[in-house]
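*Asks:* My file is structure.cif. It has mmCIF, C-alpha atoms and all ligand atoms:
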```cif
data_run
loop_
_atom_site.group_PDB
_atom_site.id
_atom_site.type_symbol
_atom_site.label_atom_id
_atom_site.label_comp_id
_atom_site.auth_asym_id
_atom_site.auth_seq_id
_atom_site.Cartn_x
_atom_site.Cartn_y
_atom_site.Cartn_z
ATOM 1 C CA SER A 1 0.000 0.000 0.000
ATOM 2 C CA TRP A 2 1.169 3.525 -0.880
ATOM 3 C CA LEU A 3 -0.243 5.629 1.988
ATOM 4 C CA PRO A 4 0.320 3.668 5.208
ATOM 5 C CA GLY A 5 -0.690 5.671 8.293
ATOM 6 C CA TYR A 6 -1.457 8.845 6.319
ATOM 7 C CA SER A 7 -4.143 11.100 7.766
ATOM 8 C CA VAL A 8 -6.179 12.861 5.102
ATOM 9 C CA LEU A 9 -8.973 15.443 5.030
ATOM 10 C CA ILE A 10 -11.159 15.516 1.894
ATOM 11 C CA THR A 11 -13.713 18.273 1.286
ATOM 12 C CA GLY A 12 -16.709 16.974 -0.636
ATOM 13 C CA GLY A 13 -15.618 13.462 0.381
ATOM 14 C CA GLY A 14 -19.139 12.040 0.568
ATOM 15 C CA SER A 15 -19.790 11.797 -3.154
ATOM 16 C CA GLY A 16 -18.269 11.548 -6.615
ATOM 17 C CA ILE A 17 -14.519 11.838 -7.033
ATOM 18 C CA GLY A 18 -14.073 12.859 -3.367
ATOM 19 C CA ARG A 19 -15.699 9.650 -2.187
ATOM 20 C CA ALA A 20 -13.738 7.576 -4.712
ATOM 21 C CA VAL A 21 -10.483 9.130 -3.463
ATOM 22 C CA ALA A 22 -11.538 8.497 0.161
ATOM 23 C CA ASP A 23 -12.184 4.807 -0.572
ATOM 24 C CA ARG A 24 -8.950 4.456 -2.533
ATOM 25 C CA PHE A 25 -6.875 6.161 0.173
ATOM 26 C CA VAL A 26 -8.336 3.846 2.833
ATOM 27 C CA THR A 27 -7.393 0.888 0.623
ATOM 28 C CA GLU A 28 -3.868 2.360 0.436
ATOM 29 C CA GLY A 29 -3.601 2.377 4.234
ATOM 30 C CA ALA A 30 -4.716 5.940 5.063
ATOM 31 C CA SER A 31 -7.285 7.223 7.535
ATOM 32 C CA VAL A 32 -9.637 9.806 6.066
ATOM 33 C CA ALA A 33 -11.915 12.557 7.318
ATOM 34 C CA ILE A 34 -14.666 13.291 4.832
ATOM 35 C CA PHE A 35 -16.157 16.774 5.043
ATOM 36 C CA GLY A 36 -19.363 17.894 3.355
ATOM 37 C CA ASN A 37 -22.685 19.656 3.705
ATOM 38 C CA ASP A 38 -24.935 16.575 3.556
ATOM 39 C CA ALA A 39 -24.877 14.536 6.778
ATOM 40 C CA ALA A 40 -26.865 11.588 5.379
ATOM 41 C CA GLN A 41 -24.548 11.326 2.364
ATOM 42 C CA LEU A 42 -21.452 11.389 4.614
ATOM 43 C CA ALA A 43 -22.871 8.647 6.857
ATOM 44 C CA GLU A 44 -23.620 6.464 3.841
ATOM 45 C CA ALA A 45 -20.145 7.008 2.379
ATOM 46 C CA ALA A 46 -18.490 6.143 5.702
ATOM 47 C CA ALA A 47 -20.556 2.980 6.113
ATOM 48 C CA GLY A 48 -19.669 1.914 2.569
ATOM 49 C CA SER A 49 -15.926 2.499 3.007
ATOM 50 C CA PRO A 50 -13.528 -0.453 2.630
ATOM 51 C CA ASP A 51 -12.739 0.131 6.362
ATOM 52 C CA PRO A 52 -15.289 2.336 8.176
ATOM 53 C CA SER A 53 -13.120 2.274 11.322
ATOM 54 C CA ARG A 54 -10.634 4.545 9.521
ATOM 55 C CA VAL A 55 -13.233 7.103 8.383
ATOM 56 C CA LEU A 56 -14.352 10.223 10.251
ATOM 57 C CA THR A 57 -17.247 12.349 9.003
ATOM 58 C CA VAL A 58 -17.435 16.102 9.586
ATOM 59 C CA GLU A 59 -20.472 18.085 8.491
ATOM 60 C CA GLY A 60 -19.921 21.661 7.379
ATOM 61 C CA ASP A 61 -19.797 24.143 4.532
ATOM 62 C CA VAL A 62 -16.567 24.947 2.665
ATOM 63 C CA ARG A 63 -17.635 28.597 2.576
ATOM 64 C CA SER A 64 -17.181 28.683 6.375
ATOM 65 C CA SER A 65 -13.696 29.102 7.751
ATOM 66 C CA ALA A 66 -14.934 28.082 11.206
ATOM 67 C CA ASP A 67 -16.313 24.799 9.820
ATOM 68 C CA LEU A 68 -13.000 24.019 8.095
ATOM 69 C CA HIS A 69 -10.948 24.793 11.209
ATOM 70 C CA ARG A 70 -13.288 22.482 13.153
ATOM 71 C CA ALA A 71 -12.694 19.777 10.521
ATOM 72 C CA VAL A 72 -8.898 20.082 10.736
ATOM 73 C CA ALA A 73 -9.046 19.980 14.551
ATOM 74 C CA ALA A 74 -11.332 16.920 14.517
ATOM 75 C CA THR A 75 -9.030 15.131 12.063
ATOM 76 C CA VAL A 76 -5.934 15.781 14.183
ATOM 77 C CA THR A 77 -7.763 14.790 17.381
ATOM 78 C CA ARG A 78 -8.914 11.500 15.861
ATOM 79 C CA PHE A 79 -5.894 10.497 13.754
ATOM 80 C CA GLY A 80 -3.079 12.398 15.514
ATOM 81 C CA ARG A 81 -1.841 14.390 12.510
ATOM 82 C CA LEU A 82 -2.732 15.706 9.058
ATOM 83 C CA ASP A 83 -0.679 14.610 6.047
ATOM 84 C CA THR A 84 -2.883 15.524 3.103
ATOM 85 C CA LEU A 85 -5.666 17.991 2.380
ATOM 86 C CA VAL A 86 -7.738 17.210 -0.708
ATOM 87 C CA ALA A 87 -9.609 20.429 -1.606
ATOM 88 C CA ASN A 88 -12.350 19.096 -3.807
ATOM 89 C CA ALA A 89 -15.918 20.203 -2.974
ATOM 90 C CA GLY A 90 -17.328 22.075 -5.930
ATOM 91 C CA ILE A 91 -20.359 22.936 -8.027
ATOM 92 C CA TRP A 92 -20.814 23.358 -11.782
ATOM 93 C CA ASP A 93 -22.697 25.866 -13.920
ATOM 94 C CA PHE A 94 -23.966 23.282 -16.427
ATOM 95 C CA GLN A 95 -22.186 25.247 -19.167
ATOM 96 C CA ARG A 96 -24.618 28.167 -18.868
ATOM 97 C CA GLN A 97 -23.273 30.716 -21.349
ATOM 98 C CA LEU A 98 -23.007 34.457 -20.702
ATOM 99 C CA THR A 99 -25.685 35.278 -23.260
ATOM 100 C CA ARG A 100 -28.145 33.028 -21.405
ATOM 101 C CA LEU A 101 -27.715 34.784 -18.050
ATOM 102 C CA ASP A 102 -29.358 38.067 -17.105
ATOM 103 C CA ALA A 103 -27.306 40.466 -14.980
ATOM 104 C CA ALA A 104 -28.910 39.548 -11.656
ATOM 105 C CA ALA A 105 -28.546 35.814 -12.254
ATOM 106 C CA LEU A 106 -24.947 36.309 -13.355
ATOM 107 C CA GLU A 107 -24.057 38.210 -10.169
ATOM 108 C CA ALA A 108 -25.699 35.675 -7.891
ATOM 109 C CA THR A 109 -24.206 32.695 -9.727
ATOM 110 C CA PHE A 110 -20.728 34.193 -9.688
ATOM 111 C CA ASP A 111 -20.863 34.888 -5.956
ATOM 112 C CA GLU A 112 -22.171 31.432 -5.098
ATOM 113 C CA LEU A 113 -19.955 29.411 -7.403
ATOM 114 C CA PHE A 114 -16.731 31.300 -6.645
ATOM 115 C CA SER A 115 -17.474 31.030 -2.906
ATOM 116 C CA VAL A 116 -17.527 27.249 -3.151
ATOM 117 C CA ASN A 117 -14.985 26.527 -5.902
ATOM 118 C CA VAL A 118 -12.361 29.181 -5.153
ATOM 119 C CA LYS A 119 -12.878 30.628 -1.673
ATOM 120 C CA GLY A 120 -13.657 27.110 -0.415
ATOM 121 C CA TYR A 121 -10.225 25.881 -1.573
ATOM 122 C CA LEU A 122 -8.424 28.910 -0.143
ATOM 123 C CA LEU A 123 -10.161 28.698 3.235
ATOM 124 C CA ALA A 124 -9.401 24.967 3.432
ATOM 125 C CA ALA A 125 -5.719 25.660 2.750
ATOM 126 C CA GLU A 126 -5.716 28.382 5.429
ATOM 127 C CA ALA A 127 -7.268 25.999 7.961
ATOM 128 C CA ALA A 128 -4.824 23.182 7.180
ATOM 129 C CA TRP A 129 -1.393 24.648 6.463
ATOM 130 C CA ARG A 130 -0.116 24.770 10.046
ATOM 131 C CA GLU A 131 -0.728 21.040 10.506
ATOM 132 C CA LEU A 132 0.717 20.267 7.060
ATOM 133 C CA VAL A 133 3.933 22.135 7.898
ATOM 134 C CA LYS A 134 4.352 19.835 10.944
ATOM 135 C CA THR A 135 4.159 16.680 8.790
ATOM 136 C CA ARG A 136 5.760 17.995 5.593
ATOM 137 C CA GLY A 137 2.406 17.187 4.078
ATOM 138 C CA SER A 138 0.677 18.260 0.898
ATOM 139 C CA ILE A 139 -2.425 19.777 -0.616
ATOM 140 C CA ILE A 140 -4.112 18.276 -3.672
ATOM 141 C CA MET A 141 -6.760 20.354 -5.431
ATOM 142 C CA THR A 142 -9.355 18.849 -7.741
ATOM 143 C CA LEU A 143 -8.990 20.953 -10.871
ATOM 144 C CA SER A 144 -10.680 20.357 -14.213
ATOM 145 C CA ASN A 145 -10.215 20.300 -17.947
ATOM 146 C CA ALA A 146 -11.899 23.705 -17.444
ATOM 147 C CA SER A 147 -8.666 24.855 -15.731
ATOM 148 C CA PHE A 148 -7.047 24.771 -19.209
ATOM 149 C CA HIS A 149 -9.685 24.540 -21.938
ATOM 150 C CA VAL A 150 -12.992 26.172 -22.889
ATOM 151 C CA ASN A 151 -16.521 24.780 -22.939
ATOM 152 C CA GLY A 152 -16.109 22.454 -19.944
ATOM 153 C CA GLY A 153 -18.318 24.994 -18.210
ATOM 154 C CA GLY A 154 -19.785 28.406 -18.844
ATOM 155 C CA PRO A 155 -17.738 31.531 -18.096
ATOM 156 C CA VAL A 156 -18.334 31.334 -14.345
ATOM 157 C CA TYR A 157 -17.197 27.714 -13.886
ATOM 158 C CA THR A 158 -14.312 28.021 -16.356
ATOM 159 C CA ALA A 159 -13.078 31.163 -14.586
ATOM 160 C CA SER A 160 -13.379 29.427 -11.207
ATOM 161 C CA LYS A 161 -11.284 26.459 -12.332
ATOM 162 C CA HIS A 162 -8.672 28.704 -13.956
ATOM 163 C CA ALA A 163 -8.607 30.597 -10.634
ATOM 164 C CA ALA A 164 -8.108 27.338 -8.721
ATOM 165 C CA LEU A 165 -5.137 26.533 -10.972
ATOM 166 C CA GLY A 166 -3.599 29.909 -10.102
ATOM 167 C CA LEU A 167 -4.303 29.341 -6.433
ATOM 168 C CA MET A 168 -2.592 25.957 -6.562
ATOM 169 C CA ARG A 169 0.513 27.474 -8.171
ATOM 170 C CA GLU A 170 0.702 30.458 -5.807
ATOM 171 C CA LEU A 171 0.328 28.274 -2.708
ATOM 172 C CA ALA A 172 2.946 25.845 -4.047
ATOM 173 C CA TYR A 173 5.355 28.789 -3.948
ATOM 174 C CA GLU A 174 4.210 30.200 -0.617
ATOM 175 C CA LEU A 175 4.156 26.899 1.313
ATOM 176 C CA ALA A 176 7.441 25.516 -0.053
ATOM 177 C CA PRO A 177 9.666 23.899 1.035
ATOM 178 C CA LYS A 178 7.610 22.196 3.763
ATOM 179 C CA VAL A 179 4.279 21.674 1.993
ATOM 180 C CA ARG A 180 3.750 20.543 -1.602
ATOM 181 C CA VAL A 181 0.670 21.778 -3.481
ATOM 182 C CA ASN A 182 -0.554 20.065 -6.667
ATOM 183 C CA GLY A 183 -3.715 19.491 -8.652
ATOM 184 C CA VAL A 184 -5.559 16.777 -10.518
ATOM 185 C CA ALA A 185 -7.360 18.221 -13.550
ATOM 186 C CA CYS A 186 -10.188 15.775 -14.106
ATOM 187 C CA GLY A 187 -12.170 15.385 -17.299
ATOM 188 C CA GLY A 188 -15.842 14.413 -17.416
ATOM 189 C CA MET A 189 -16.851 11.964 -14.691
ATOM 190 C CA ASN A 190 -20.140 10.358 -13.837
ATOM 191 C CA THR A 191 -20.729 11.884 -10.388
ATOM 192 C CA ASP A 192 -23.472 13.750 -8.559
ATOM 193 C CA LEU A 193 -22.023 17.197 -9.428
ATOM 194 C CA ARG A 194 -24.690 19.840 -8.765
ATOM 195 C CA GLY A 195 -25.396 23.375 -9.924
ATOM 196 C CA PRO A 196 -25.804 26.684 -8.093
ATOM 197 C CA ALA A 197 -28.966 27.250 -6.072
ATOM 198 C CA SER A 198 -28.890 30.770 -7.575
ATOM 199 C CA LEU A 199 -29.825 29.211 -10.924
ATOM 200 C CA ASP A 200 -32.286 26.778 -9.329
ATOM 201 C CA MET A 201 -29.804 24.046 -10.182
ATOM 202 C CA GLY A 202 -29.137 22.846 -6.637
ATOM 203 C CA GLU A 203 -30.936 19.574 -7.364
ATOM 204 C CA ARG A 204 -29.708 19.141 -10.925
ATOM 205 C CA SER A 205 -26.955 16.496 -11.226
ATOM 206 C CA ILE A 206 -24.388 15.863 -13.965
ATOM 207 C CA GLY A 207 -25.136 12.161 -13.400
ATOM 208 C CA ALA A 208 -28.521 12.629 -15.066
ATOM 209 C CA SER A 209 -26.892 13.499 -18.396
ATOM 210 C CA PHE A 210 -24.752 10.337 -18.221
ATOM 211 C CA ALA A 211 -27.874 8.296 -17.426
ATOM 212 C CA LYS A 212 -29.747 9.870 -20.380
ATOM 213 C CA LYS A 213 -26.948 9.087 -22.844
ATOM 214 C CA ARG A 214 -28.113 6.680 -25.560
ATOM 215 C CA PRO A 215 -25.851 3.762 -26.441
ATOM 216 C CA ASP A 216 -25.625 4.986 -30.067
ATOM 217 C CA ALA A 217 -24.681 8.570 -29.054
ATOM 218 C CA PRO A 218 -21.427 9.819 -30.641
ATOM 219 C CA PRO A 219 -18.345 9.314 -28.441
ATOM 220 C CA PRO A 220 -16.796 12.292 -26.627
ATOM 221 C CA VAL A 221 -14.481 14.393 -28.828
ATOM 222 C CA ILE A 222 -11.279 13.345 -27.042
ATOM 223 C CA PRO A 223 -8.447 11.030 -28.101
ATOM 224 C CA LEU A 224 -9.188 8.420 -25.433
ATOM 225 C CA HIS A 225 -12.885 8.535 -26.270
ATOM 226 C CA ASP A 226 -13.425 5.032 -24.935
ATOM 227 C CA SER A 227 -11.920 5.808 -21.517
ATOM 228 C CA SER A 228 -13.957 5.376 -18.356
ATOM 229 C CA THR A 229 -16.035 8.109 -16.715
ATOM 230 C CA ASP A 230 -16.190 6.195 -13.418
ATOM 231 C CA PRO A 231 -14.572 8.457 -10.781
ATOM 232 C CA ARG A 232 -12.780 5.416 -9.307
ATOM 233 C CA ASP A 233 -10.653 5.322 -12.459
ATOM 234 C CA PHE A 234 -9.430 8.897 -11.762
ATOM 235 C CA THR A 235 -7.967 8.240 -8.295
ATOM 236 C CA GLY A 236 -4.438 7.080 -9.222
ATOM 237 C CA SER A 237 -3.008 10.587 -9.614
ATOM 238 C CA TYR A 238 -4.249 11.541 -6.146
ATOM 239 C CA VAL A 239 -2.389 8.559 -4.681
ATOM 240 C CA LEU A 240 0.760 9.525 -6.592
ATOM 241 C CA LEU A 241 0.647 13.170 -5.473
ATOM 242 C CA ALA A 242 -0.175 12.354 -1.836
ATOM 243 C CA SER A 243 2.732 9.924 -1.489
ATOM 244 C CA ARG A 244 5.946 11.565 -0.233
ATOM 245 C CA GLU A 245 7.904 8.577 -1.516
ATOM 246 C CA GLN A 246 6.433 8.691 -5.012
ATOM 247 C CA SER A 247 6.223 12.452 -5.616
ATOM 248 C CA GLY A 248 8.501 14.114 -3.050
ATOM 249 C CA PRO A 249 10.016 16.541 -5.613
ATOM 250 C CA ILE A 250 6.695 17.421 -7.313
ATOM 251 C CA THR A 251 4.977 20.703 -6.461
ATOM 252 C CA GLY A 252 2.984 23.305 -8.374
ATOM 253 C CA GLN A 253 1.876 20.771 -10.987
ATOM 254 C CA ALA A 254 -1.492 19.784 -12.382
ATOM 255 C CA ILE A 255 -1.893 16.288 -13.794
ATOM 256 C CA SER A 256 -4.531 16.248 -16.508
ATOM 257 C CA VAL A 257 -6.666 13.125 -16.282
ATOM 258 C CA ASP A 258 -8.981 13.964 -19.149
ATOM 259 C CA GLY A 259 -8.560 11.463 -21.957
ATOM 260 C CA GLY A 260 -6.036 13.663 -23.780
ATOM 261 C CA ILE A 261 -7.991 16.876 -24.513
ATOM 262 C CA GLY A 262 -4.693 18.725 -25.056
ATOM 263 C CA VAL A 263 -3.646 16.341 -27.867
ATOM 264 C CA ARG A 264 -6.943 16.314 -29.737
ATOM 265 C CA GLY A 265 -6.686 16.363 -33.525
ATOM 266 C CA PHE A 266 -8.426 18.765 -35.926
ATOM 267 C CA GLY A 267 -9.781 16.250 -38.437
ATOM 268 C CA SER A 268 -10.579 13.542 -35.928
ATOM 269 C CA PRO A 269 -10.060 13.504 -32.167
ATOM 270 C CA ALA A 270 -8.022 10.259 -32.186
ATOM 271 C CA GLY A 271 -5.415 9.639 -34.897
ATOM 272 C CA GLY A 272 -5.337 5.897 -34.337
ATOM 273 C CA ASP A 273 -8.982 4.913 -34.637
ATOM 274 C CA HIS A 274 -8.089 2.553 -37.517
ATOM 275 C CA LEU A 275 -5.553 0.595 -35.454
HETATM 276 P P1 LIG B 301 -20.209 15.586 -6.431
HETATM 277 O O1 LIG B 301 -21.382 16.486 -6.299
HETATM 278 O O2 LIG B 301 -20.462 14.121 -6.587
HETATM 279 O O3 LIG B 301 -19.222 15.833 -5.205
HETATM 280 C C1 LIG B 301 -19.059 17.129 -4.661
HETATM 281 C C2 LIG B 301 -19.212 17.066 -3.154
HETATM 282 O O4 LIG B 301 -19.028 18.377 -2.613
HETATM 283 C C3 LIG B 301 -20.582 16.585 -2.689
HETATM 284 O O5 LIG B 301 -20.378 15.671 -1.634
HETATM 285 C C4 LIG B 301 -21.248 17.861 -2.196
HETATM 286 O O6 LIG B 301 -22.191 17.585 -1.166
HETATM 287 C C5 LIG B 301 -20.059 18.629 -1.665
HETATM 288 N N1 LIG B 301 -20.287 20.076 -1.589
HETATM 289 C C6 LIG B 301 -20.782 20.890 -2.568
HETATM 290 N N2 LIG B 301 -20.872 22.155 -2.109
HETATM 291 C C7 LIG B 301 -20.415 22.140 -0.820
HETATM 292 C C8 LIG B 301 -20.265 23.123 0.177
HETATM 293 N N3 LIG B 301 -20.627 24.415 -0.041
HETATM 294 N N4 LIG B 301 -19.765 22.765 1.381
HETATM 295 C C9 LIG B 301 -19.418 21.474 1.621
HETATM 296 N N5 LIG B 301 -19.549 20.487 0.718
HETATM 297 C C10 LIG B 301 -20.048 20.822 -0.490
HETATM 298 O O7 LIG B 301 -19.369 16.127 -7.695
HETATM 299 P P2 LIG B 301 -17.889 15.765 -8.230
HETATM 300 O O8 LIG B 301 -17.995 15.744 -9.708
HETATM 301 O O9 LIG B 301 -17.305 14.629 -7.507
HETATM 302 O O10 LIG B 301 -17.136 17.124 -7.826
HETATM 303 C C11 LIG B 301 -15.910 17.167 -7.131
HETATM 304 C C12 LIG B 301 -14.942 18.101 -7.824
HETATM 305 O O11 LIG B 301 -14.631 17.568 -9.117
HETATM 306 C C13 LIG B 301 -15.451 19.529 -8.066
HETATM 307 O O12 LIG B 301 -14.437 20.449 -7.711
HETATM 308 C C14 LIG B 301 -15.688 19.563 -9.562
HETATM 309 O O13 LIG B 301 -15.563 20.858 -10.085
HETATM 310 C C15 LIG B 301 -14.592 18.630 -10.048
HETATM 311 N N6 LIG B 301 -14.741 18.101 -11.412
HETATM 312 C C16 LIG B 301 -15.810 17.332 -11.738
HETATM 313 C C17 LIG B 301 -15.940 16.861 -13.050
HETATM 314 C C18 LIG B 301 -17.117 15.988 -13.478
HETATM 315 O O14 LIG B 301 -17.288 15.776 -14.688
HETATM 316 N N7 LIG B 301 -17.909 15.473 -12.566
HETATM 317 C C19 LIG B 301 -14.958 17.164 -14.004
HETATM 318 C C20 LIG B 301 -13.866 17.938 -13.622
HETATM 319 C C21 LIG B 301 -13.762 18.397 -12.316
#
```
What would the structure in this file look like if it were written as structure tokens?
Ligand code: NAD
*Replies:*
Amino acid sequence: SWLPGYSVLITGGGSGIGRAVADRFVTEGASVAIFGNDAAQLAEAAAGSPDPSRVLTVEGDVRSSADLHRAVAATVTRFGRLDTLVANAGIWDFQRQLTRLDAAALEATFDELFSVNVKGYLLAAEAAWRELVKTRGSIIMTLSNASFHVNGGGPVYTASKHAALGLMRELAYELAPKVRVNGVACGGMNTDLRGPASLDMGERSIGASFAKKRPDAPPPVIPLHDSSTDPRDFTGSYVLLASREQSGPITGQAISVDGGIGVRGFGSPAGGDHL
């Protein structure tokens, strides 16, 4: 196992990629605190863990510094230390374009989405850095193809994920040499990713569009168009970046786990479809 005895705090750890990372880290020998705003979801995720005795649940909102400080304190009290913070809780704008937002909706959506996706990451880092300095630990941020490319969101989500990339790089500088800060830029995954309440999208889930997909629908326009969208298949880079042994000299980097969007062809997404 790659993470024996590690103590990890994961925001948004009750669902989607956060839950998949929590399960994987437990399998790799870590203890994990999963933090989120849905108590029932957290309880279900803990009960379903490969080893529930190594899972702590903490209810709270990533927009609240007090909640995040409480989560760090609870993690250290229970597991004795903090090695890794996975800043991950986020919401999506369902690719709502500028021209389909009136001014009031735009303002409200920006404030809500940036509070969760950007301020939430920054507040989590502020709550955790003192403990991470003690352990020479690291921060891993869930970034997105929208940290680099267009149309993975609307302007609000894309800007938030570009901002999170900048935040990751700035904190990698500021917290060096004791704390490494990296990101995993995920492509499309079949999760329960929700939208902003400001757009009445609090109950809308990205999972519904995966469920609706017809078997004869065209494949995604990416080179690895037959790659999995199961969040469990995106967890390897988190293990790599958390492990001091495996990535000790790596900081300020984002690993794109997106099926190769950056090497997409003009004529056809994959050059080797005939092989
Ligand atoms: P998800 O909804 O399954 O998981 C997000 C978790 O965050 C949930 O447990 C939710 O309850 C929690 N959360 C949301 N707002 C919160 C708040 N204010 N306070 C506390 N907890 C809150 O969705 P997911 O797809 O696993 O999303 C995780 C991350 O992955 C996000 O940062 C998202 O932007 C990113 N991402 C997702 C995709 C995708 O296609 N699903 C692609 C790239 C990046």
*Asks:* Measure the distance from CA of Arg81 (chain A) to CA of Ser49 (chain A) in Å and round it to one decimal.
*Replies:*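 Computing the Euclidean distance for CA of Arg81 (chain A) and CA of Ser49 (chain A) yields 20.7 Å.
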*Asks:* Around ligand LIG 301 (chain B), which protein and nucleic acid residues have at least one atom no more than 6 Å from it, if we count all atoms listed in the file? List them as a PyMOL selection string.
*Replies:* chain A and resi 12-18+36-38+60-63+88-91+116+142-144+186-194
*Asks:* Fewer than 4 positions away in the same chain doesn't count, so skip those; otherwise give me all residues within 10 Å of Arg169 (chain A), counting only C-alpha atoms, as a PyMOL selection string.
*Replies:* chain A and resi 163-165+173-174+181-183+251-254
*Asks:* Could you work out how far CA of Gly202 (chain A) lies from CA of Leu106 (chain A), giving the answer in Å with one decimal?
*Replies:*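 A separation of 15.6 Å between them.
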*Asks:* As an exercise, work out the distance from CA of Met168 (chain A) to CA of Ala33 (chain A) in Å and give it to one decimal place.
*Replies:*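 Atom-to-atom, CA of Met168 (chain A) to CA of Ala33 (chain A), that is 21.4 Å.
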*Asks:* Write out as a list in words each polymer residue whose atoms come within 12 Å of Gly271 (chain A), counting all atoms listed in the file; drop sequence neighbours fewer than 3 positions from it.
*Replies:*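 The contact residues come out as Val221, Ile222, Pro223, Leu224, His225, Gly260, Val263, Arg264, Gly265, Phe266, Gly267, Ser268, His274 and Leu275 of chain A.
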*Asks:* Keeping only C-alpha atoms, take the residues you just selected and write them out as a PDB file, in the frame of the given file.
*Replies:*
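Wrote it out as result.pdb, contents follow:
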```
ATOM      1  CA  VAL A 221     -14.481  14.393 -28.828  1.00  0.00           C
ATOM      2  CA  ILE A 222     -11.279  13.345 -27.042  1.00  0.00           C
ATOM      3  CA  PRO A 223      -8.447  11.030 -28.101  1.00  0.00           C
ATOM      4  CA  LEU A 224      -9.188   8.420 -25.433  1.00  0.00           C
ATOM      5  CA  HIS A 225     -12.885   8.535 -26.270  1.00  0.00           C
ATOM      6  CA  GLY A 260      -6.036  13.663 -23.780  1.00  0.00           C
ATOM      7  CA  VAL A 263      -3.646  16.341 -27.867  1.00  0.00           C
ATOM      8  CA  ARG A 264      -6.943  16.314 -29.737  1.00  0.00           C
ATOM      9  CA  GLY A 265      -6.686  16.363 -33.525  1.00  0.00           C
ATOM     10  CA  PHE A 266      -8.426  18.765 -35.926  1.00  0.00           C
ATOM     11  CA  GLY A 267      -9.781  16.250 -38.437  1.00  0.00           C
ATOM     12  CA  SER A 268     -10.579  13.542 -35.928  1.00  0.00           C
ATOM     13  CA  HIS A 274      -8.089   2.553 -37.517  1.00  0.00           C
ATOM     14  CA  LEU A 275      -5.553   0.595 -35.454  1.00  0.00           C
TER      15      LEU A 275
END
```
*Asks:* Could you tell me which of A:Ala108, A:Leu167, A:Ala217, A:Leu9 comes closest to Ala73 (chain A) if we count all atoms listed in the file?
*Replies:*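 Smallest distance to Ala73 (chain A) is found for A:Leu9.
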*Asks:* Ala22 (chain A): which residues within 12 Å, counting all atoms listed in the file, same-chain residues fewer than 4 positions away excluded, as a compact mmCIF listing (two decimals) with C-alpha atoms, in the coordinates of the input?
*Replies:*
```txt
# COMPACT_ATOMS: atom_id res chain seq x y z
CA LEU A 3 -0.24 5.63 1.99
CA TYR A 6 -1.46 8.85 6.32
CA SER A 7 -4.14 11.10 7.77
CA VAL A 8 -6.18 12.86 5.10
CA LEU A 9 -8.97 15.44 5.03
CA ILE A 10 -11.16 15.52 1.89
CA THR A 11 -13.71 18.27 1.29
CA GLY A 12 -16.71 16.97 -0.64
CA GLY A 13 -15.62 13.46 0.38
CA GLY A 14 -19.14 12.04 0.57
CA SER A 15 -19.79 11.80 -3.15
CA GLY A 16 -18.27 11.55 -6.62
CA ILE A 17 -14.52 11.84 -7.03
CA GLY A 18 -14.07 12.86 -3.37
CA VAL A 26 -8.34 3.85 2.83
CA THR A 27 -7.39 0.89 0.62
CA GLU A 28 -3.87 2.36 0.44
CA GLY A 29 -3.60 2.38 4.23
CA ALA A 30 -4.72 5.94 5.06
CA SER A 31 -7.28 7.22 7.54
CA VAL A 32 -9.64 9.81 6.07
CA ALA A 33 -11.92 12.56 7.32
CA ILE A 34 -14.67 13.29 4.83
CA PHE A 35 -16.16 16.77 5.04
CA LEU A 42 -21.45 11.39 4.61
CA ALA A 45 -20.14 7.01 2.38
CA ALA A 46 -18.49 6.14 5.70
CA GLY A 48 -19.67 1.91 2.57
CA SER A 49 -15.93 2.50 3.01
CA PRO A 50 -13.53 -0.45 2.63
CA ASP A 51 -12.74 0.13 6.36
CA PRO A 52 -15.29 2.34 8.18
CA ARG A 54 -10.63 4.54 9.52
CA VAL A 55 -13.23 7.10 8.38
CA LEU A 56 -14.35 10.22 10.25
CA THR A 57 -17.25 12.35 9.00
CA THR A 84 -2.88 15.52 3.10
CA LEU A 85 -5.67 17.99 2.38
CA VAL A 86 -7.74 17.21 -0.71
CA ASN A 88 -12.35 19.10 -3.81
CA PRO A 231 -14.57 8.46 -10.78
CA ARG A 232 -12.78 5.42 -9.31
CA THR A 235 -7.97 8.24 -8.30
CA GLY A 236 -4.44 7.08 -9.22
CA TYR A 238 -4.25 11.54 -6.15
CA VAL A 239 -2.39 8.56 -4.68
```
